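Raw contents of upload_19.txt, compact mmCIF, C-alpha atoms:
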# COMPACT_ATOMS: atom_id res chain seq x y z
CA ARG A 218 -22.50 9.93 8.79
CA VAL A 219 -26.10 9.08 7.94
CA CYS A 220 -25.34 9.38 4.22
CA LEU A 221 -22.31 7.15 4.65
CA LEU A 222 -24.38 4.51 6.44
CA LEU A 223 -27.04 4.64 3.72
CA LYS A 224 -24.44 4.25 0.99
CA THR A 225 -22.86 1.35 2.84
CA ALA A 226 -26.23 -0.32 3.30
CA PHE A 227 -27.09 0.13 -0.38
CA ALA A 228 -23.74 -1.32 -1.41
CA SER A 229 -24.30 -4.27 0.93
CA ILE A 230 -27.68 -4.93 -0.66
CA ILE A 231 -26.10 -4.93 -4.11
CA VAL A 232 -23.38 -7.36 -3.07
CA SER A 233 -25.80 -9.61 -1.17
CA SER A 234 -28.20 -9.76 -4.09
CA SER A 235 -25.52 -11.39 -6.23
CA PHE A 236 -25.88 -14.54 -4.15
CA LEU A 237 -29.67 -14.64 -4.50
CA TYR A 238 -30.04 -14.52 -8.28
CA PRO A 239 -28.48 -16.73 -10.96
CA TYR A 240 -26.15 -15.12 -13.45
CA LYS A 241 -28.57 -14.84 -16.37
CA HIS A 242 -31.39 -13.50 -14.20
CA ASN A 243 -29.34 -10.95 -12.30
CA TYR A 244 -30.98 -7.57 -12.87
CA LEU A 245 -28.50 -5.75 -10.65
CA SER A 246 -25.79 -6.12 -13.26
CA VAL A 247 -23.30 -3.55 -14.46
CA GLU A 248 -25.46 -2.69 -17.44
CA ASN A 249 -28.60 -2.00 -15.39
CA VAL A 250 -27.33 -0.20 -12.28
CA GLN A 251 -24.71 2.50 -12.80
CA PHE A 252 -23.66 2.57 -9.19
CA SER A 253 -23.05 -1.17 -8.99
CA PHE A 254 -20.11 -1.14 -11.40
CA PHE A 255 -18.01 0.26 -8.60
CA LEU A 256 -18.59 -2.58 -6.14
CA TYR A 257 -20.40 -5.38 -7.86
CA SER A 258 -19.08 -8.34 -9.78
CA ASN A 259 -20.50 -11.77 -10.44
CA HIS A 260 -17.62 -13.63 -8.81
CA ALA A 261 -15.08 -12.98 -6.07
CA LEU A 262 -11.40 -13.35 -6.86
CA GLY A 263 -11.00 -16.30 -4.53
CA TRP A 264 -7.58 -17.95 -4.66
CA LYS A 265 -6.60 -15.61 -7.52
CA ALA A 266 -6.16 -12.85 -4.94
CA ALA A 267 -3.43 -14.85 -3.18
CA VAL A 268 -0.46 -13.42 -5.10
CA PRO A 269 -1.53 -9.74 -4.85
CA LEU A 270 -2.47 -10.18 -1.19
CA VAL A 271 0.77 -11.90 -0.17
CA THR A 272 2.82 -9.38 -2.16
CA THR A 273 1.06 -6.45 -0.50
CA LEU A 274 1.52 -7.95 2.96
CA ILE A 275 5.23 -8.49 2.33
CA ALA A 276 5.60 -4.91 1.12
CA LEU A 277 3.67 -3.62 4.14
CA ALA A 278 5.83 -5.59 6.58
CA SER A 279 9.11 -4.55 4.96
CA SER A 280 8.04 -0.92 4.71
CA ASN A 281 7.03 -0.72 8.37
CA SER A 282 10.18 -2.52 9.49
CA ALA A 283 12.31 -0.07 7.53
CA SER A 284 10.67 3.18 8.60
CA LYS A 285 9.52 2.41 12.15
CA TRP A 286 12.84 0.99 13.37
CA CYS A 287 15.81 3.07 14.46
CA SER A 288 18.28 2.02 11.76
CA PHE A 289 17.08 3.85 8.67
CA VAL A 290 20.40 5.64 8.04
CA TYR A 291 23.75 5.84 9.79
CA ARG A 292 24.45 9.41 10.86
CA VAL A 293 28.15 10.26 10.90
CA ILE A 294 29.51 13.12 13.01
CA GLU A 295 33.03 14.42 12.51
CA PHE A 296 34.33 17.39 14.53
CA ASP A 297 37.42 18.73 16.27
CA ASN A 298 37.10 18.16 20.01
CA SER A 299 39.58 20.92 20.76
CA ARG A 300 37.44 23.49 18.97
CA PHE A 301 34.02 22.21 19.91
CA ASN A 302 32.53 21.93 23.38
CA PRO A 303 28.78 21.16 23.57
CA THR A 304 27.00 22.72 26.53
CA ASN A 305 23.40 21.81 25.72
CA PRO A 306 22.40 18.34 27.01
CA ILE A 307 20.49 17.71 23.79
CA GLN A 308 23.80 17.77 21.94
CA SER A 309 24.63 14.46 23.58
CA TYR A 310 22.03 12.99 21.23
CA LEU A 311 23.05 15.03 18.20
CA PHE A 312 26.83 14.86 18.09
CA VAL A 313 27.46 11.14 18.25
CA SER A 314 27.71 8.90 15.19
CA ARG A 315 24.90 6.37 15.37
CA ASN A 316 22.07 4.68 13.48
CA ILE A 317 18.95 6.83 13.37
CA GLY A 318 15.40 6.30 12.17
CA LEU A 319 12.47 8.51 11.32
CA TRP A 320 11.03 8.25 14.82
CA SER A 321 13.87 7.08 17.05
CA TYR A 322 17.62 6.61 17.30
CA GLU A 323 19.72 3.61 18.21
CA GLY A 324 21.59 3.42 21.48
CA ILE A 325 25.38 3.11 21.45
CA ASP A 326 28.04 1.80 23.79
CA TYR A 327 28.74 4.97 25.77
CA THR A 328 31.97 3.54 27.19
CA GLU A 329 33.55 4.11 23.79
CA VAL A 330 32.70 7.82 23.93
CA ASP A 331 34.57 10.51 25.84
CA ASP A 332 32.74 10.62 29.18
CA ASP A 333 33.96 14.14 29.86
CA MET A 334 32.17 15.37 26.79
CA PHE A 335 29.00 13.26 26.70
CA ALA A 336 26.81 11.99 29.48
CA LEU A 337 25.09 9.03 27.84
CA ASP A 338 23.09 6.34 29.57
CA GLU A 339 22.06 4.03 26.74
CA ASN A 340 21.98 0.36 25.85
CA LEU A 341 23.64 -0.76 22.66
CA GLY A 342 21.11 -1.58 19.93
CA LYS A 343 18.07 -0.32 21.84
CA CYS A 344 15.80 2.26 20.22
CA TYR A 345 15.10 5.57 21.95
CA LEU A 346 12.56 8.20 20.95
CA TYR A 347 13.87 11.60 19.95
CA PRO A 348 13.71 14.29 22.66
CA GLU A 349 10.55 16.37 22.49
CA GLU A 350 12.51 19.61 22.24
CA LEU A 351 14.34 18.41 19.14
CA GLU A 352 13.03 20.11 15.99
CA PHE A 353 13.33 18.75 12.46
CA ASP A 354 13.16 20.52 9.11
CA ASP A 355 10.56 20.06 6.37
CA TYR A 356 12.48 17.28 4.60
CA PHE A 357 12.60 15.16 7.73
CA GLU A 358 8.96 15.81 8.61
CA PHE A 359 7.84 15.02 5.05
CA ALA A 360 9.74 11.74 5.14
CA ARG A 361 7.84 10.92 8.33
CA MET A 362 4.51 11.79 6.72
CA THR A 363 5.18 9.57 3.71
CA SER A 364 6.04 6.64 5.97
CA VAL A 365 2.68 7.03 7.73
CA PHE A 366 0.92 7.33 4.36
CA THR A 367 2.42 4.07 3.10
CA ALA A 368 1.29 2.25 6.22
CA ILE A 369 -2.30 3.51 5.88
CA THR A 370 -2.74 3.00 2.14
CA GLY A 371 -0.87 -0.30 2.09
CA GLY A 372 -2.87 -1.64 5.02
CA ALA A 373 -6.18 -0.52 3.48
CA THR A 374 -5.30 -2.20 0.17
CA ALA A 375 -4.40 -5.41 1.98
CA ILE A 376 -7.83 -5.38 3.67
CA VAL A 377 -9.57 -4.90 0.31
CA LEU A 378 -7.60 -7.76 -1.23
CA LEU A 379 -8.41 -10.00 1.71
CA ALA A 380 -12.10 -9.19 1.38
CA SER A 381 -11.97 -9.74 -2.39
CA THR A 382 -11.25 -13.42 -1.83
CA PHE A 383 -14.90 -13.90 -0.84
CA CYS A 384 -16.60 -10.60 -1.75
CA PRO A 385 -17.45 -9.91 -5.43
CA PHE A 386 -15.87 -6.49 -5.79
CA GLY A 387 -16.06 -4.89 -9.21
CA LYS A 388 -13.30 -4.09 -11.64
CA SER A 389 -13.07 -0.44 -10.59
CA VAL A 390 -12.32 -1.30 -6.97
CA HIS A 391 -9.33 -3.39 -7.98
CA TRP A 392 -8.10 -0.84 -10.49
CA ILE A 393 -8.23 1.81 -7.77
CA SER A 394 -6.33 -0.54 -5.45
CA SER A 395 -3.67 -0.98 -8.12
CA VAL A 396 -3.30 2.78 -8.56
CA VAL A 397 -3.15 3.24 -4.78
CA LEU A 398 -0.22 0.82 -4.58
CA VAL A 399 1.61 2.77 -7.29
CA VAL A 400 1.12 5.96 -5.27
CA THR A 401 2.23 4.06 -2.17
CA ALA A 402 5.43 3.06 -3.95
CA ILE A 403 6.09 6.70 -4.81
CA MET A 404 5.51 7.74 -1.19
CA GLU A 405 7.81 4.94 -0.06
CA GLY A 406 10.56 6.32 -2.25
CA LEU A 407 10.08 9.82 -0.84
CA THR A 408 11.16 8.62 2.60
CA GLN A 409 14.69 8.91 1.18
CA LEU A 410 14.29 12.67 1.53
CA ILE A 411 15.77 12.23 4.98
CA TYR A 412 19.16 12.52 3.28
CA LYS A 413 18.26 16.11 2.30
CA SER A 414 17.37 17.13 5.85
CA THR A 415 19.63 19.26 7.98
CA PHE A 416 19.75 16.38 10.46
CA CYS A 417 21.73 14.49 7.81
CA GLY A 418 23.82 17.49 6.81
CA GLY A 419 21.67 18.78 3.98
CA ASN A 420 21.24 22.57 3.66
CA ARG A 421 23.67 22.98 6.53
CA ASP A 422 24.45 26.41 7.92
CA TYR A 423 27.28 25.52 10.31
CA ASP A 424 31.03 25.87 9.95
CA GLU A 425 32.37 22.72 8.28
CA SER A 426 35.81 23.43 9.72
CA ARG A 427 34.37 22.67 13.14
CA ILE A 428 31.83 19.92 12.39
CA LYS A 429 30.84 17.70 9.48
CA ILE A 430 27.57 15.75 9.34
CA TYR A 431 26.42 13.27 6.72
CA CYS A 432 24.31 10.11 6.53
CA ASN A 433 25.14 6.76 4.99
CA ALA A 434 22.65 4.10 3.97
CA SER A 435 21.69 1.60 6.65
CA TRP A 436 19.57 -1.52 6.35
CA GLY A 437 16.37 0.49 6.87
CA SER A 438 16.77 2.76 3.85
CA SER A 439 17.94 -0.18 1.73
CA LEU A 440 14.89 -2.20 2.75
CA SER A 441 12.69 0.80 1.97
CA ILE A 442 14.04 0.90 -1.59
CA VAL A 443 13.31 -2.82 -1.96
CA SER A 444 9.78 -2.15 -0.69
CA VAL A 445 9.23 0.30 -3.56
CA PHE A 446 9.63 -2.51 -6.09
CA ILE A 447 7.46 -4.87 -4.04
CA TRP A 448 4.68 -2.26 -3.97
CA LEU A 449 4.94 -1.88 -7.75
CA PHE A 450 4.84 -5.64 -8.26
CA GLY A 451 1.74 -5.78 -6.05
CA ALA A 452 0.06 -3.15 -8.23
CA TYR A 453 0.96 -5.10 -11.37
CA SER A 454 -0.32 -8.38 -9.92
CA ILE A 455 -3.68 -6.80 -9.05
CA ALA A 456 -4.09 -5.42 -12.57
CA SER A 457 -3.04 -8.75 -14.07
CA VAL A 458 -5.54 -10.74 -12.01
CA VAL A 459 -8.39 -8.34 -12.81
CA GLU A 460 -7.66 -8.40 -16.53
CA LYS A 461 -7.57 -12.19 -16.51
CA ARG A 462 -10.89 -12.32 -14.67
CA GLU A 463 -12.47 -9.89 -17.12
CA HIS A 464 -11.18 -11.95 -20.05
CA GLU A 465 -12.68 -15.12 -18.59
CA ARG A 466 -15.93 -13.28 -17.90
CA ASN A 467 -16.15 -12.03 -21.49
CA LEU A 468 -15.55 -15.55 -22.80
CA THR A 469 -18.29 -16.88 -20.53
CA GLN A 470 -20.74 -14.19 -21.65
CA ARG A 471 -19.91 -14.87 -25.29
CA TYR A 472 -20.44 -18.61 -24.78
CA ILE A 473 -23.79 -18.06 -23.04
CA GLY A 474 -24.85 -15.66 -25.79
CA ASP A 475 -23.95 -18.20 -28.48
CA GLN A 476 -25.87 -20.92 -26.67
CA GLU A 477 -28.97 -18.75 -26.29
CA GLU A 478 -28.79 -17.75 -29.97
CA HIS A 479 -28.45 -21.41 -30.94
CA LEU A 480 -31.52 -22.31 -28.87
CA VAL A 481 -33.55 -19.56 -30.53
CA VAL A 482 -32.58 -20.77 -34.01
CA VAL A 483 -33.41 -24.38 -33.18
CA SER A 484 -36.75 -23.36 -31.69
CA THR A 485 -37.64 -21.31 -34.79
CA ASP A 486 -36.70 -24.13 -37.15
CA THR A 487 -38.80 -26.59 -35.16
CA LYS A 488 -41.89 -24.40 -35.37
CA ALA A 489 -41.41 -23.82 -39.09
CA SER A 490 -41.08 -27.53 -39.89
CA SER A 491 -44.09 -28.71 -37.82
CA PRO A 492 -47.30 -29.35 -39.96
CA LEU A 493 -50.30 -27.11 -39.35
CA LYS A 494 -53.45 -28.86 -38.28
CA ASP A 495 -56.72 -28.12 -40.01
CA PRO A 496 -59.20 -26.98 -37.39
CA LEU A 497 -62.08 -28.56 -39.42
CA LEU A 498 -60.42 -31.99 -39.14
CA SER A 499 -59.82 -31.82 -35.43

Rewrite the coordinates I just gave you, this time as structure tokens.
Amino acid sequence: RVCLLLKTAFASIIVSSSFLYPYKHNYLSVENVQFSFFLYSNHALGWKAAVPLVTTLIALASSNSASKWCSFVYRVIEFDNSRFNPTNPIQSYLFVSRNIGLWSYEGIDYTEVDDDMFALDENLGKCYLYPEELEFDDYFEFARMTSVFTAITGGATAIVLLASTFCPFGKSVHWISSVVLVVTAIMEGLTQLIYKSTFCGGNRDYDESRIKIYCNASWGSSLSIVSVFIWLFGAYSIASVVEKREHERNLTQRYIGDQEEHLVVVSTDTKASSPLKDPLLS
């Protein structure tokens, strides 16, 4: 923790120093301090960060809405009532066609279900957490993990982009943010692994003559797929803004270099053309 605080303090000094020295007298530049290339730049992105920031926030909102709600997929249950008689109360949750999410399931109108077979006390459209005793396979758990990962990485990138509007972060920070959003898009896509889980009928080991389980796409999984492309567009917009800023910076440096070279040439020509005074005549 002490090392982390020292590194944070050193980085803060580097960033703060950019406001104390003019551009041409800044000795904490990329060329002079190897560590500063990671955090330091001469200018913040300002309004240029608007498109990447808004895109990332939209992707974050759509991703969380898709994965945290209880309508990710529609789970369909088909079975022969005459050959199937559930005795475990937990089967009241399992053997009813309904919308389900990664963390909860959607309530249904229990009056439309055979009361002799199911004892349901739910409100239509309301989300209910899964019972604690319900166990999921690796596909389902991995889909949950990826949804948490997208929320963390997407939120962290949004914070960096918000700070970049007034903090002069370096090129590497933004490139890393762009790569993180690409990885986030991949993780977003992996939430679709819920279709491979046994909860959706994948790798099933039951008798299909008695029961058939499968999942259809609901608005949650569809929105999650849309979020993948929004994440990717956010990554592209970050890279585009950074490249544009670097291009403008190179043009500015080239212009300043040409002006300084021109001043040196003019100064040399002036000294060469001025007559030398004879010290004996002075």

Subject >> Å distance separating CA of Ser279 in chain A from CA of Ser444 in chain A, one decimal place >> reply: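 According to the coordinates, CA of Ser279 in chain A and CA of Ser444 in chain A are separated by 6.2 Å.
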
Subject >> Pick from A:Leu410, A:Ile294, A:Leu449, A:Ile393 nearest to Met362 in chain A, counting all atoms listed in the file >> reply: A:Leu410

Using only the atoms of range 444-462 of chain A listed in the file, plus 4 Å on each side, state the axis-aligned box centre and edge lengths in Å rounded to one decimal, as lines of an AutoDock Vina configuration file.
center_x = -0.6
center_y = -6.0
center_z = -8.6
size_x = 28.7
size_y = 20.6
size_z = 23.8

Original post:
Do you have the CA of Phe383 in chain A-CA of Ala368 in chain A distance handy?
Top reply: 23.9 Å

Quick one: contact table of range 409-463 of chain A to range 315-323 of chain A, 12 Å max, nearest atom pair and distance in Å to one decimal per residue, counting all atoms listed in the file, chain and number order, as a Markdown table?
| residue | atom | partner | partner_atom | distance |
| --- | --- | --- | --- | --- |
| A:Gln409 | CA | A:Leu319 | CA | 10.4 |
| A:Leu410 | CA | A:Leu319 | CA | 10.8 |
| A:Ile411 | CA | A:Leu319 | CA | 8.1 |
| A:Tyr412 | CA | A:Leu319 | CA | 11.2 |
| A:Ser414 | CA | A:Leu319 | CA | 11.3 |
| A:Phe416 | CA | A:Ile317 | CA | 10.0 |
| A:Cys417 | CA | A:Ile317 | CA | 9.9 |
| A:Ile430 | CA | A:Arg315 | CA | 11.5 |
| A:Tyr431 | CA | A:Arg315 | CA | 11.2 |
| A:Cys432 | CA | A:Asn316 | CA | 9.1 |
| A:Asn433 | CA | A:Asn316 | CA | 9.3 |
| A:Ala434 | CA | A:Asn316 | CA | 9.5 |
| A:Ser435 | CA | A:Asn316 | CA | 7.5 |
| A:Trp436 | CA | A:Asn316 | CA | 9.8 |
| A:Gly437 | CA | A:Gly318 | CA | 7.9 |
| A:Ser438 | CA | A:Gly318 | CA | 9.1 |
| A:Ser441 | CA | A:Gly318 | CA | 11.9 |

What's around Gly451 in chain A at 9 Å? Count only C-alpha atoms, leave out sequence neighbours fewer than 6 positions away in its own chain, and write the answer as a PDB file with C-alpha atoms, keeping the file's coordinate frame.
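File out_29.pdb, as written:
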ATOM      1  CA  VAL A 268      -0.460 -13.420  -5.100  1.00  0.00           C
ATOM      2  CA  PRO A 269      -1.530  -9.740  -4.850  1.00  0.00           C
ATOM      3  CA  LEU A 270      -2.470 -10.180  -1.190  1.00  0.00           C
ATOM      4  CA  VAL A 271       0.770 -11.900  -0.170  1.00  0.00           C
ATOM      5  CA  THR A 272       2.820  -9.380  -2.160  1.00  0.00           C
ATOM      6  CA  THR A 273       1.060  -6.450  -0.500  1.00  0.00           C
ATOM      7  CA  ALA A 276       5.600  -4.910   1.120  1.00  0.00           C
ATOM      8  CA  SER A 395      -3.670  -0.980  -8.120  1.00  0.00           C
ATOM      9  CA  LEU A 398      -0.220   0.820  -4.580  1.00  0.00           C
ATOM     10  CA  VAL A 399       1.610   2.770  -7.290  1.00  0.00           C
TER      11      VAL A 399
END

**OP:** For CA of Tyr291 in chain A and CA of Ser314 in chain A, determine how far apart the two atoms are, in Å to one decimal place.
**Re:** 7.4 Å

Please return range 379-392 of chain A, rebuilt to N, CA and C atoms, as a PDB file, keeping the file's coordinate frame.
ATOM      1  N   LEU A 379      -7.945  -8.898   0.886  1.00  0.00           N
ATOM      2  CA  LEU A 379      -8.410 -10.000   1.710  1.00  0.00           C
ATOM      3  C   LEU A 379      -9.907 -10.205   1.559  1.00  0.00           C
ATOM      4  N   ALA A 380     -10.650  -9.097   1.551  1.00  0.00           N
ATOM      5  CA  ALA A 380     -12.100  -9.190   1.380  1.00  0.00           C
ATOM      6  C   ALA A 380     -12.472  -9.667  -0.016  1.00  0.00           C
ATOM      7  N   SER A 381     -11.652  -9.359  -1.013  1.00  0.00           N
ATOM      8  CA  SER A 381     -11.970  -9.740  -2.390  1.00  0.00           C
ATOM      9  C   SER A 381     -11.883 -11.240  -2.618  1.00  0.00           C
ATOM     10  N   THR A 382     -11.302 -11.972  -1.678  1.00  0.00           N
ATOM     11  CA  THR A 382     -11.250 -13.420  -1.830  1.00  0.00           C
ATOM     12  C   THR A 382     -12.629 -14.052  -1.698  1.00  0.00           C
ATOM     13  N   PHE A 383     -13.542 -13.365  -0.995  1.00  0.00           N
ATOM     14  CA  PHE A 383     -14.900 -13.900  -0.840  1.00  0.00           C
ATOM     15  C   PHE A 383     -15.983 -12.885  -1.157  1.00  0.00           C
ATOM     16  N   CYS A 384     -15.622 -11.629  -1.378  1.00  0.00           N
ATOM     17  CA  CYS A 384     -16.600 -10.600  -1.750  1.00  0.00           C
ATOM     18  C   CYS A 384     -16.436 -10.253  -3.232  1.00  0.00           C
ATOM     19  N   PRO A 385     -17.534 -10.187  -3.983  1.00  0.00           N
ATOM     20  CA  PRO A 385     -17.450  -9.910  -5.430  1.00  0.00           C
ATOM     21  C   PRO A 385     -17.288  -8.433  -5.744  1.00  0.00           C
ATOM     22  N   PHE A 386     -16.134  -7.876  -5.440  1.00  0.00           N
ATOM     23  CA  PHE A 386     -15.870  -6.490  -5.790  1.00  0.00           C
ATOM     24  C   PHE A 386     -15.740  -6.335  -7.296  1.00  0.00           C
ATOM     25  N   GLY A 387     -16.112  -5.158  -7.781  1.00  0.00           N
ATOM     26  CA  GLY A 387     -16.060  -4.890  -9.210  1.00  0.00           C
ATOM     27  C   GLY A 387     -14.674  -4.530  -9.689  1.00  0.00           C
ATOM     28  N   LYS A 388     -14.584  -4.369 -10.997  1.00  0.00           N
ATOM     29  CA  LYS A 388     -13.300  -4.090 -11.640  1.00  0.00           C
ATOM     30  C   LYS A 388     -12.718  -2.767 -11.159  1.00  0.00           C
ATOM     31  N   SER A 389     -13.559  -1.765 -10.968  1.00  0.00           N
ATOM     32  CA  SER A 389     -13.070  -0.440 -10.590  1.00  0.00           C
ATOM     33  C   SER A 389     -12.407  -0.435  -9.223  1.00  0.00           C
ATOM     34  N   VAL A 390     -12.924  -1.241  -8.298  1.00  0.00           N
ATOM     35  CA  VAL A 390     -12.320  -1.300  -6.970  1.00  0.00           C
ATOM     36  C   VAL A 390     -10.886  -1.804  -7.054  1.00  0.00           C
ATOM     37  N   HIS A 391     -10.678  -2.825  -7.864  1.00  0.00           N
ATOM     38  CA  HIS A 391      -9.330  -3.390  -7.980  1.00  0.00           C
ATOM     39  C   HIS A 391      -8.400  -2.473  -8.768  1.00  0.00           C
ATOM     40  N   TRP A 392      -8.938  -1.785  -9.764  1.00  0.00           N
ATOM     41  CA  TRP A 392      -8.100  -0.840 -10.490  1.00  0.00           C
ATOM     42  C   TRP A 392      -7.666   0.301  -9.576  1.00  0.00           C
TER      43      TRP A 392
END
